[in-house]
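A.B. asks: See target-v3.cif below, with mmCIF, C-alpha atoms and all ligand atoms; chains and numbers go by the auth columns.
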data_upload
#
loop_
_atom_site.group_PDB
_atom_site.id
_atom_site.type_symbol
_atom_site.label_atom_id
_atom_site.label_comp_id
_atom_site.label_asym_id
_atom_site.label_seq_id
_atom_site.Cartn_x
_atom_site.Cartn_y
_atom_site.Cartn_z
_atom_site.B_iso_or_equiv
_atom_site.auth_seq_id
_atom_site.auth_asym_id
ATOM 1 C CA MET A 1 14.975 -14.451 7.037 0.00 1 A
ATOM 2 C CA PRO A 2 14.412 -14.880 3.303 0.00 2 A
ATOM 3 C CA PHE A 3 10.883 -14.114 2.186 0.00 3 A
ATOM 4 C CA VAL A 4 9.471 -14.609 -1.274 0.00 4 A
ATOM 5 C CA LEU A 5 7.557 -11.841 -3.020 0.00 5 A
ATOM 6 C CA ARG A 6 4.618 -13.293 -4.924 0.00 6 A
ATOM 7 C CA GLN A 7 1.112 -12.371 -5.973 0.00 7 A
ATOM 8 C CA ALA A 8 -1.515 -12.935 -3.303 0.00 8 A
ATOM 9 C CA VAL A 9 -4.079 -15.729 -3.571 0.00 9 A
ATOM 10 C CA ALA A 10 -7.395 -16.300 -1.832 0.00 10 A
ATOM 11 C CA ALA A 11 -5.796 -18.730 0.629 0.00 11 A
ATOM 12 C CA ASP A 12 -3.695 -15.827 1.986 0.00 12 A
ATOM 13 C CA MET A 13 -6.743 -14.021 3.343 0.00 13 A
ATOM 14 C CA ALA A 14 -6.442 -14.991 7.030 0.00 14 A
ATOM 15 C CA GLU A 15 -2.804 -13.904 7.085 0.00 15 A
ATOM 16 C CA ILE A 16 -3.560 -10.674 5.202 0.00 16 A
ATOM 17 C CA MET A 17 -6.206 -9.823 7.786 0.00 17 A
ATOM 18 C CA ARG A 18 -3.807 -10.637 10.631 0.00 18 A
ATOM 19 C CA LEU A 19 -1.332 -8.189 9.119 0.00 19 A
ATOM 20 C CA GLU A 20 -4.069 -5.591 8.605 0.00 20 A
ATOM 21 C CA ARG A 21 -4.986 -5.756 12.289 0.00 21 A
ATOM 22 C CA ALA A 22 -1.318 -5.499 13.254 0.00 22 A
ATOM 23 C CA GLY A 23 -0.754 -2.568 10.918 0.00 23 A
ATOM 24 C CA PHE A 24 -3.519 -0.103 11.582 0.00 24 A
ATOM 25 C CA ALA A 25 -5.695 1.325 14.331 0.00 25 A
ATOM 26 C CA GLU A 26 -9.047 -0.434 14.454 0.00 26 A
ATOM 27 C CA ALA A 27 -10.933 2.583 13.116 0.00 27 A
ATOM 28 C CA ILE A 28 -9.062 2.497 9.823 0.00 28 A
ATOM 29 C CA GLN A 29 -8.607 -1.217 9.293 0.00 29 A
ATOM 30 C CA GLU A 30 -10.201 -2.297 6.056 0.00 30 A
ATOM 31 C CA THR A 31 -12.552 -5.252 5.909 0.00 31 A
ATOM 32 C CA GLU A 32 -12.040 -8.778 4.641 0.00 32 A
ATOM 33 C CA GLN A 33 -14.649 -8.019 1.993 0.00 33 A
ATOM 34 C CA THR A 34 -12.521 -5.131 0.736 0.00 34 A
ATOM 35 C CA PHE A 35 -9.472 -7.376 0.411 0.00 35 A
ATOM 36 C CA ALA A 36 -11.521 -10.141 -1.220 0.00 36 A
ATOM 37 C CA GLU A 37 -12.767 -7.625 -3.805 0.00 37 A
ATOM 38 C CA ARG A 38 -9.205 -6.494 -4.457 0.00 38 A
ATOM 39 C CA LEU A 39 -8.072 -10.076 -5.012 0.00 39 A
ATOM 40 C CA GLN A 40 -11.004 -10.673 -7.321 0.00 40 A
ATOM 41 C CA ALA A 41 -10.960 -7.416 -9.302 0.00 41 A
ATOM 42 C CA ALA A 42 -7.278 -6.465 -9.237 0.00 42 A
ATOM 43 C CA PRO A 43 -5.159 -9.570 -8.539 0.00 43 A
ATOM 44 C CA GLU A 44 -2.279 -8.023 -10.489 0.00 44 A
ATOM 45 C CA GLY A 45 -2.020 -5.409 -7.708 0.00 45 A
ATOM 46 C CA CYS A 46 -2.036 -7.785 -4.697 0.00 46 A
ATOM 47 C CA TRP A 47 1.390 -8.923 -3.440 0.00 47 A
ATOM 48 C CA VAL A 48 2.680 -10.676 -0.340 0.00 48 A
ATOM 49 C CA LEU A 49 5.971 -11.468 1.356 0.00 49 A
ATOM 50 C CA ALA A 50 5.635 -15.189 1.979 0.00 50 A
ATOM 51 C CA GLY A 51 7.553 -17.204 4.551 0.00 51 A
ATOM 52 C CA GLU A 52 7.233 -20.865 5.416 0.00 52 A
ATOM 53 C CA ALA A 53 4.054 -22.848 6.119 0.00 53 A
ATOM 54 C CA GLY A 54 1.691 -20.225 4.742 0.00 54 A
ATOM 55 C CA ARG A 55 2.875 -17.448 7.023 0.00 55 A
ATOM 56 C CA LEU A 56 3.017 -13.968 5.528 0.00 56 A
ATOM 57 C CA TYR A 57 5.362 -11.198 6.603 0.00 57 A
ATOM 58 C CA GLY A 58 3.910 -8.395 4.536 0.00 58 A
ATOM 59 C CA TYR A 59 1.338 -7.420 1.975 0.00 59 A
ATOM 60 C CA LEU A 60 0.947 -4.621 -0.547 0.00 60 A
ATOM 61 C CA CYS A 61 -2.308 -3.895 -2.375 0.00 61 A
ATOM 62 C CA ALA A 62 -2.665 -1.724 -5.448 0.00 62 A
ATOM 63 C CA GLU A 63 -5.024 -1.060 -8.301 0.00 63 A
ATOM 64 C CA PHE A 64 -4.667 0.669 -11.647 0.00 64 A
ATOM 65 C CA TRP A 65 -6.380 3.970 -12.342 0.00 65 A
ATOM 66 C CA PRO A 66 -6.652 6.203 -15.398 0.00 66 A
ATOM 67 C CA LEU A 67 -3.976 8.887 -15.133 0.00 67 A
ATOM 68 C CA GLU A 68 -5.448 12.313 -14.462 0.00 68 A
ATOM 69 C CA ALA A 69 -4.035 15.761 -13.816 0.00 69 A
ATOM 70 C CA GLY A 70 -4.111 16.412 -10.080 0.00 70 A
ATOM 71 C CA PHE A 71 -6.199 13.911 -8.143 0.00 71 A
ATOM 72 C CA ASN A 72 -9.791 13.129 -7.241 0.00 72 A
ATOM 73 C CA ALA A 73 -10.113 12.849 -3.447 0.00 73 A
ATOM 74 C CA ALA A 74 -13.233 10.679 -3.711 0.00 74 A
ATOM 75 C CA ARG A 75 -11.236 7.873 -5.326 0.00 75 A
ATOM 76 C CA PHE A 76 -9.250 7.297 -2.127 0.00 76 A
ATOM 77 C CA ALA A 77 -12.241 6.367 0.038 0.00 77 A
ATOM 78 C CA ARG A 78 -11.398 3.660 2.556 0.00 78 A
ATOM 79 C CA ASP A 79 -13.026 0.297 1.832 0.00 79 A
ATOM 80 C CA HIS A 80 -14.016 1.334 -1.683 0.00 80 A
ATOM 81 C CA ALA A 81 -14.755 -1.526 -4.068 0.00 81 A
ATOM 82 C CA ALA A 82 -11.794 -2.178 -6.364 0.00 82 A
ATOM 83 C CA ALA A 83 -14.192 -3.491 -9.005 0.00 83 A
ATOM 84 C CA GLU A 84 -15.520 0.057 -9.375 0.00 84 A
ATOM 85 C CA THR A 85 -12.149 1.798 -9.578 0.00 85 A
ATOM 86 C CA HIS A 86 -9.605 -0.651 -11.009 0.00 86 A
ATOM 87 C CA VAL A 87 -9.028 -0.278 -14.763 0.00 87 A
ATOM 88 C CA ALA A 88 -6.877 -3.081 -16.159 0.00 88 A
ATOM 89 C CA ASP A 89 -5.244 -0.799 -18.750 0.00 89 A
ATOM 90 C CA GLY A 90 -4.994 2.197 -16.411 0.00 90 A
ATOM 91 C CA ALA A 91 -1.708 4.108 -16.579 0.00 91 A
ATOM 92 C CA GLU A 92 -1.321 4.908 -12.876 0.00 92 A
ATOM 93 C CA VAL A 93 -0.800 2.499 -9.971 0.00 93 A
ATOM 94 C CA TYR A 94 -2.629 3.427 -6.788 0.00 94 A
ATOM 95 C CA VAL A 95 -0.954 1.756 -3.795 0.00 95 A
ATOM 96 C CA SER A 96 -3.927 1.342 -1.487 0.00 96 A
ATOM 97 C CA SER A 97 -2.231 -0.356 1.463 0.00 97 A
ATOM 98 C CA MET A 98 0.958 -1.920 2.735 0.00 98 A
ATOM 99 C CA VAL A 99 1.890 -3.636 5.995 0.00 99 A
ATOM 100 C CA VAL A 100 4.948 -5.503 7.245 0.00 100 A
ATOM 101 C CA ASP A 101 4.656 -7.867 10.208 0.00 101 A
ATOM 102 C CA PRO A 102 5.684 -5.996 13.387 0.00 102 A
ATOM 103 C CA ALA A 103 8.240 -8.718 14.160 0.00 103 A
ATOM 104 C CA THR A 104 9.965 -7.973 10.865 0.00 104 A
ATOM 105 C CA ARG A 105 9.806 -4.165 10.730 0.00 105 A
ATOM 106 C CA GLY A 106 12.890 -2.018 10.670 0.00 106 A
ATOM 107 C CA THR A 107 14.992 -4.544 8.762 0.00 107 A
ATOM 108 C CA GLY A 108 14.476 -3.230 5.239 0.00 108 A
ATOM 109 C CA TRP A 109 11.625 -5.477 4.168 0.00 109 A
ATOM 110 C CA GLY A 110 9.120 -2.662 3.909 0.00 110 A
ATOM 111 C CA ARG A 111 11.221 -0.809 1.405 0.00 111 A
ATOM 112 C CA ARG A 112 11.981 -4.024 -0.499 0.00 112 A
ATOM 113 C CA LEU A 113 8.311 -4.979 -0.618 0.00 113 A
ATOM 114 C CA PHE A 114 7.335 -1.536 -1.868 0.00 114 A
ATOM 115 C CA ARG A 115 10.099 -1.246 -4.447 0.00 115 A
ATOM 116 C CA ASP A 116 9.944 -4.811 -5.747 0.00 116 A
ATOM 117 C CA ALA A 117 6.141 -5.107 -5.949 0.00 117 A
ATOM 118 C CA LEU A 118 5.979 -1.857 -7.924 0.00 118 A
ATOM 119 C CA ALA A 119 8.849 -2.973 -10.160 0.00 119 A
ATOM 120 C CA ALA A 120 7.033 -6.236 -10.872 0.00 120 A
ATOM 121 C CA MET A 121 3.812 -4.417 -11.765 0.00 121 A
ATOM 122 C CA PHE A 122 5.600 -1.965 -14.056 0.00 122 A
ATOM 123 C CA ALA A 123 7.496 -4.800 -15.752 0.00 123 A
ATOM 124 C CA ARG A 124 4.313 -6.753 -16.443 0.00 124 A
ATOM 125 C CA HIS A 125 2.130 -3.802 -17.458 0.00 125 A
ATOM 126 C CA PRO A 126 4.027 -1.522 -19.857 0.00 126 A
ATOM 127 C CA GLN A 127 1.197 1.003 -20.011 0.00 127 A
ATOM 128 C CA LEU A 128 1.948 2.062 -16.432 0.00 128 A
ATOM 129 C CA CYS A 129 3.700 5.414 -16.161 0.00 129 A
ATOM 130 C CA SER A 130 2.901 6.807 -12.709 0.00 130 A
ATOM 131 C CA THR A 131 2.238 5.829 -9.080 0.00 131 A
ATOM 132 C CA ILE A 132 0.017 7.585 -6.542 0.00 132 A
ATOM 133 C CA LEU A 133 -0.685 6.972 -2.853 0.00 133 A
ATOM 134 C CA ILE A 134 -1.782 8.627 0.351 0.00 134 A
ATOM 135 C CA VAL A 135 -0.049 8.590 3.721 0.00 135 A
ATOM 136 C CA ASN A 136 -0.800 9.692 7.262 0.00 136 A
ATOM 137 C CA PRO A 137 1.602 12.472 8.363 0.00 137 A
ATOM 138 C CA GLU A 138 2.434 10.400 11.469 0.00 138 A
ATOM 139 C CA TRP A 139 3.491 7.216 9.615 0.00 139 A
ATOM 140 C CA ALA A 140 7.195 7.975 9.713 0.00 140 A
ATOM 141 C CA ALA A 141 8.504 4.689 8.281 0.00 141 A
ATOM 142 C CA ALA A 142 6.121 4.788 5.328 0.00 142 A
ATOM 143 C CA ARG A 143 6.925 8.435 4.592 0.00 143 A
ATOM 144 C CA ARG A 144 10.619 7.655 4.677 0.00 144 A
ATOM 145 C CA ILE A 145 10.144 4.885 2.115 0.00 145 A
ATOM 146 C CA TYR A 146 8.044 7.049 -0.197 0.00 146 A
ATOM 147 C CA GLN A 147 10.492 9.954 -0.064 0.00 147 A
ATOM 148 C CA ALA A 148 13.477 7.668 -0.605 0.00 148 A
ATOM 149 C CA GLU A 149 11.716 6.101 -3.588 0.00 149 A
ATOM 150 C CA GLY A 150 11.244 9.459 -5.254 0.00 150 A
ATOM 151 C CA PHE A 151 7.663 10.422 -4.426 0.00 151 A
ATOM 152 C CA SER A 152 6.614 14.069 -4.133 0.00 152 A
ATOM 153 C CA GLU A 153 3.731 15.583 -2.224 0.00 153 A
ATOM 154 C CA ILE A 154 1.056 16.864 -4.618 0.00 154 A
ATOM 155 C CA GLY A 155 -1.671 17.813 -2.154 0.00 155 A
ATOM 156 C CA ALA A 156 -3.704 16.677 0.835 0.00 156 A
ATOM 157 C CA ILE A 157 -7.167 15.410 1.719 0.00 157 A
ATOM 158 C CA ASP A 158 -8.385 17.261 4.799 0.00 158 A
ATOM 159 C CA SER A 159 -9.410 15.253 7.898 0.00 159 A
ATOM 160 C CA TYR A 160 -9.002 11.927 6.098 0.00 160 A
ATOM 161 C CA PHE A 161 -7.677 10.261 9.255 0.00 161 A
ATOM 162 C CA ALA A 162 -9.900 12.099 11.738 0.00 162 A
ATOM 163 C CA ALA A 163 -11.847 8.983 12.750 0.00 163 A
ATOM 164 C CA ALA A 164 -8.723 7.001 13.579 0.00 164 A
ATOM 165 C CA CYS A 165 -6.703 9.547 15.444 0.00 165 A
ATOM 166 C CA GLY A 166 -9.209 11.809 17.116 0.00 166 A
ATOM 167 C CA ALA A 167 -7.385 14.657 15.405 0.00 167 A
ATOM 168 C CA GLN A 168 -8.017 16.361 12.112 0.00 168 A
ATOM 169 C CA LEU A 169 -5.133 14.645 10.385 0.00 169 A
ATOM 170 C CA PRO A 170 -5.101 14.950 6.607 0.00 170 A
ATOM 171 C CA ALA A 171 -3.945 12.350 4.124 0.00 171 A
ATOM 172 C CA ILE A 172 -0.876 13.507 2.227 0.00 172 A
ATOM 173 C CA VAL A 173 -1.172 12.655 -1.472 0.00 173 A
ATOM 174 C CA MET A 174 2.095 11.651 -3.154 0.00 174 A
ATOM 175 C CA ARG A 175 2.932 10.817 -6.757 0.00 175 A
ATOM 176 C CA ARG A 176 5.945 9.562 -8.701 0.00 176 A
ATOM 177 C CA ALA A 177 6.278 9.550 -12.436 0.00 177 A
ATOM 178 C CA ARG A 178 8.065 6.570 -13.912 0.00 178 A
ATOM 179 C CA THR A 179 11.740 7.337 -14.247 0.00 179 A
HETATM 180 C C1 LIG B . 5.441 1.132 6.732 0.00 1 B
HETATM 181 C C2 LIG B . 5.999 -0.263 6.934 0.00 1 B
HETATM 182 C C3 LIG B . 5.388 -1.215 5.912 0.00 1 B
HETATM 183 C C4 LIG B . 7.520 -0.194 6.726 0.00 1 B
HETATM 184 O O1 LIG B . 8.049 -1.471 6.914 0.00 1 B
HETATM 185 P P1 LIG B . 9.509 -1.691 7.544 0.00 1 B
HETATM 186 O O2 LIG B . 9.874 -3.106 7.265 0.00 1 B
HETATM 187 O O3 LIG B . 9.555 -1.236 8.939 0.00 1 B
HETATM 188 O O4 LIG B . 10.376 -0.699 6.638 0.00 1 B
HETATM 189 P P2 LIG B . 11.963 -0.653 6.479 0.00 1 B
HETATM 190 O O5 LIG B . 12.645 -1.527 7.496 0.00 1 B
HETATM 191 O O6 LIG B . 12.248 -0.911 5.028 0.00 1 B
HETATM 192 O O7 LIG B . 12.282 0.859 6.841 0.00 1 B
HETATM 193 C C5 LIG B . 11.984 1.884 5.945 0.00 1 B
HETATM 194 C C6 LIG B . 12.608 3.179 6.415 0.00 1 B
HETATM 195 O O8 LIG B . 11.852 3.693 7.525 0.00 1 B
HETATM 196 C C7 LIG B . 12.720 3.878 8.631 0.00 1 B
HETATM 197 N N1 LIG B . 11.918 3.574 9.817 0.00 1 B
HETATM 198 C C8 LIG B . 11.492 2.374 10.215 0.00 1 B
HETATM 199 N N2 LIG B . 10.739 2.502 11.322 0.00 1 B
HETATM 200 C C9 LIG B . 10.709 3.821 11.587 0.00 1 B
HETATM 201 C C10 LIG B . 10.094 4.606 12.612 0.00 1 B
HETATM 202 N N3 LIG B . 9.333 4.039 13.555 0.00 1 B
HETATM 203 N N4 LIG B . 10.270 5.948 12.577 0.00 1 B
HETATM 204 C C11 LIG B . 11.012 6.529 11.612 0.00 1 B
HETATM 205 N N5 LIG B . 11.608 5.845 10.616 0.00 1 B
HETATM 206 C C12 LIG B . 11.459 4.502 10.632 0.00 1 B
HETATM 207 C C13 LIG B . 13.876 2.934 8.427 0.00 1 B
HETATM 208 O O9 LIG B . 15.039 3.370 9.101 0.00 1 B
HETATM 209 C C14 LIG B . 14.027 3.021 6.931 0.00 1 B
HETATM 210 O O10 LIG B . 14.709 4.177 6.553 0.00 1 B
HETATM 211 P P3 LIG B . 16.139 4.076 5.821 0.00 1 B
HETATM 212 O O11 LIG B . 15.898 3.268 4.577 0.00 1 B
HETATM 213 O O12 LIG B . 16.492 5.494 5.541 0.00 1 B
HETATM 214 O O13 LIG B . 17.038 3.394 6.787 0.00 1 B
HETATM 215 C C15 LIG B . 5.730 -0.789 8.367 0.00 1 B
HETATM 216 O O14 LIG B . 6.295 0.122 9.285 0.00 1 B
HETATM 217 C C16 LIG B . 4.269 -0.979 8.681 0.00 1 B
HETATM 218 O O15 LIG B . 3.696 -2.026 8.391 0.00 1 B
HETATM 219 N N6 LIG B . 3.657 0.053 9.321 0.00 1 B
HETATM 220 C C17 LIG B . 2.224 -0.001 9.675 0.00 1 B
HETATM 221 C C18 LIG B . 1.328 0.190 8.456 0.00 1 B
HETATM 222 C C19 LIG B . 1.709 1.388 7.600 0.00 1 B
HETATM 223 O O16 LIG B . 2.063 2.452 8.064 0.00 1 B
HETATM 224 N N7 LIG B . 1.622 1.185 6.279 0.00 1 B
HETATM 225 C C20 LIG B . 2.011 2.189 5.281 0.00 1 B
HETATM 226 C C21 LIG B . 0.906 3.051 4.874 0.00 1 B
HETATM 227 S S1 LIG B . -0.320 2.194 3.934 0.00 1 B
#
Can the structure from this file be put into C-alpha cells for me?
C.D. replies:
Amino acid sequence: MPFVLRQAVAADMAEIMRLERAGFAEAIQETEQTFAERLQAAPEGCWVLAGEAGRLYGYLCAEFWPLEAGFNAARFARDHAAAETHVADGAEVYVSSMVVDPATRGTGWGRRLFRDALAAMFARHPQLCSTILIVNPEWAAARRIYQAEGFSEIGAIDSYFAAACGAQLPAIVMRRART
C-alpha cells in the first residue's frame, strides 16, 4: 500500500497516540503532552506515514541537539520537553521515537520511514552532520534498521528500560556521522 511521508500536524495526534500504544509497553509509552510539545517546539522533526482518510501507518519524532563529544545520558529522559532540548540550528538529530503500525510491519516501511525522514531533515537543514538515538537491546527490528543504516554503538545508559521490562535492560546509544 502506498503511504506518503509528510511532516506531522496537530490533527494527527489521535493517530500518533494509537501508534504509540501499539508500539510500546504501557510503562514506556510517552504522553500526548510530550508529542504535543514536540509538534510545537520541533515540527521539523515530526514525520508520519500517511494513508487514506487520515489514517497513519507510522510516525518518527526527532529533535535537533548541539553536537557534543560522547553523550549526556540526562538528555534522553523519557517524556522530556522538546522545548527545553530542541535547538533549531543544532548539528545533531536525535531520533526520539519511531513506530510502524503492527499491520504494516515487516514489509520495509520501517526502514523507509527511518531513512527517508532523516534524508528529508538533512536536506532541509544543511547544518546537520550527525544522528544519535537509543534502542532497547530486545528491539530486534529497530536494531537491524540502525545497523543497516550505518549506526555504531557508542555506549549505554544503565537500567534505562528497567521500568518497562522488569529487568535491568540498558539503552544502547548509537550514532552515525553524515556520510
Ligand atoms: C521498529 C519498527 C518501526 C520497524 O518497522 P518495520 O516496518 O517492521 O521494519 P522493516 O519492515 O523495514 O524491517 C526492518 C528490518 O528488521 C527486520 N525485522 C522485522 N521484524 C523483525 C523481528 N521481529 N525480528 C528481527 N528482525 C525483524 C526486517 O527483516 C528488516 O531487516 P532487513 O532489511 O535486513 O530485511 C517496528 O517494528 C515497530 O514499530 N516496532 C515497535 C516500536 C519500536 O521498536 N520502535 C523503534 C525504537 S524507538
A.B. asks: With the cut-off set at 7 Å and counting all atoms listed in the file, tabulate each residue of chain A with an atom at most that distance from an atom of ligand LIG 1 (chain B), showing the nearest atom pair and its distance in Å to one decimal, ordered by chain and increasing number, as a Markdown table.
C.D. replies:
| residue | atom | partner | partner_atom | distance |
| --- | --- | --- | --- | --- |
| A:Gly23 | CA | B:LIG1 | C17 | 4.1 |
| A:Phe24 | CA | B:LIG1 | C18 | 5.8 |
| A:Ser96 | CA | B:LIG1 | S1 | 6.6 |
| A:Ser97 | CA | B:LIG1 | S1 | 4.0 |
| A:Met98 | CA | B:LIG1 | S1 | 4.5 |
| A:Val99 | CA | B:LIG1 | O15 | 3.4 |
| A:Val100 | CA | B:LIG1 | O15 | 3.9 |
| A:Asp101 | CA | B:LIG1 | O15 | 6.2 |
| A:Pro102 | CA | B:LIG1 | O15 | 6.7 |
| A:Thr104 | CA | B:LIG1 | O2 | 6.1 |
| A:Arg105 | CA | B:LIG1 | O3 | 3.4 |
| A:Gly106 | CA | B:LIG1 | O5 | 3.2 |
| A:Thr107 | CA | B:LIG1 | O5 | 4.0 |
| A:Gly108 | CA | B:LIG1 | O6 | 3.2 |
| A:Trp109 | CA | B:LIG1 | O2 | 4.3 |
| A:Gly110 | CA | B:LIG1 | O1 | 3.4 |
| A:Arg111 | CA | B:LIG1 | O6 | 3.8 |
| A:Arg112 | CA | B:LIG1 | O6 | 6.3 |
| A:Val135 | CA | B:LIG1 | C21 | 5.7 |
| A:Trp139 | CA | B:LIG1 | O16 | 5.2 |
| A:Ala140 | CA | B:LIG1 | C11 | 4.5 |
| A:Ala141 | CA | B:LIG1 | O8 | 3.6 |
| A:Ala142 | CA | B:LIG1 | C1 | 4.0 |
| A:Arg144 | CA | B:LIG1 | O8 | 5.0 |
| A:Ile145 | CA | B:LIG1 | C5 | 5.2 |
A.B. asks: Return the single residue from A:Asp79, A:Glu52, A:Glu44, A:Asp12 that is closest to Ala27 of chain A, with distances computed using all atoms listed in the file.
C.D. replies: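 When distances to Ala27 of chain A are compared using all atoms listed in the file, the smallest one comes from A:Asp79.
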A.B. asks: With distances taken over only C-alpha atoms, which of A:Met17, A:Ala74, A:Ala119, A:Ala25 is nearest to Asp158 of chain A?
C.D. replies: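 For Asp158 of chain A, the nearest of the candidates is A:Ala74.
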A.B. asks: What is the distance between atom CA of Ala123 of chain A and atom CA of Asn72 of chain A, in Å to one decimal?
C.D. replies: 26.3 Å
A.B. asks: When the PyMOL selection byres (((chain A and resi 148-154) around 12) and not hetatm) is applied to the file above, which residues end up in the set, as a ChimeraX atom specification?
C.D. replies: /A:69-73,110-116,118-119,130-135,137,141-147,155-157,171-179
A.B. asks: Please evaluate the PyMOL selection byres (((chain A and resi 49) around 8) and not hetatm) against the displayed coordinates and give the resulting residues as an mmCIF file with C-alpha atoms, keeping the file's coordinate frame.
C.D. replies:
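File produced: part_2.cif:
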data_model
loop_
_atom_site.group_PDB
_atom_site.id
_atom_site.type_symbol
_atom_site.label_atom_id
_atom_site.label_comp_id
_atom_site.auth_asym_id
_atom_site.auth_seq_id
_atom_site.Cartn_x
_atom_site.Cartn_y
_atom_site.Cartn_z
ATOM 1 C CA PHE A 3 10.883 -14.114 2.186
ATOM 2 C CA VAL A 4 9.471 -14.609 -1.274
ATOM 3 C CA LEU A 5 7.557 -11.841 -3.020
ATOM 4 C CA ARG A 6 4.618 -13.293 -4.924
ATOM 5 C CA TRP A 47 1.390 -8.923 -3.440
ATOM 6 C CA VAL A 48 2.680 -10.676 -0.340
ATOM 7 C CA ALA A 50 5.635 -15.189 1.979
ATOM 8 C CA GLY A 51 7.553 -17.204 4.551
ATOM 9 C CA LEU A 56 3.017 -13.968 5.528
ATOM 10 C CA TYR A 57 5.362 -11.198 6.603
ATOM 11 C CA GLY A 58 3.910 -8.395 4.536
ATOM 12 C CA TYR A 59 1.338 -7.420 1.975
ATOM 13 C CA LEU A 113 8.311 -4.979 -0.618
#
A.B. asks: As a list in words, please: the residues near Met121 of chain A (cut-off 10 Å, all atoms listed in the file, same-chain neighbours under 4 positions excluded).
C.D. replies: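 Everything that qualifies: Glu44, Gly45, Cys46, Trp47, Ala62, Phe64, Val93, Asp116, Ala117, His125, Pro126 and Leu128 of chain A.
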A.B. asks: Put the listed atoms of segment 27-42 of chain A in a box along x, y and z with 5 Å added on every side and give me the centre and edge lengths in Å to one decimal, as JSON.
C.D. replies:
{"center_x": -11.0, "center_y": -4.0, "center_z": 1.9, "size_x": 17.4, "size_y": 23.3, "size_z": 32.4}
A.B. asks: If you measure from atom CA of Glu63 of chain A to atom CA of Ala82 of chain A, what distance in Å do you get, rounded to one decimal?
C.D. replies: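 Those two atoms sit 7.1 Å apart.
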A.B. asks: Can you translate the PyMOL selection byres (((chain A and resi 28) around 9) and not hetatm) into the concrete residues it hits in this file, as a list in words?
C.D. replies: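 With the shown file as input, the PyMOL selection byres (((chain A and resi 28) around 9) and not hetatm) matches Phe24, Ala25, Glu26, Ala27, Gln29, Glu30, Arg78, Phe161, Ala163 and Ala164 of chain A.
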A.B. asks: Grab the atom CA of Glu15 of chain A to atom CA of Ala42 of chain A distance for me, in Å with one decimal place.
C.D. replies: 18.5 Å
A.B. asks: Got a sec: who's within 12 Å of Ala10 of chain A, counting all atoms listed in the file, leaving out chain neighbours fewer than 6 positions off, as a PyMOL selection string?
C.D. replies: chain A and resi 16-17+32-33+35-40+43+46-48+54
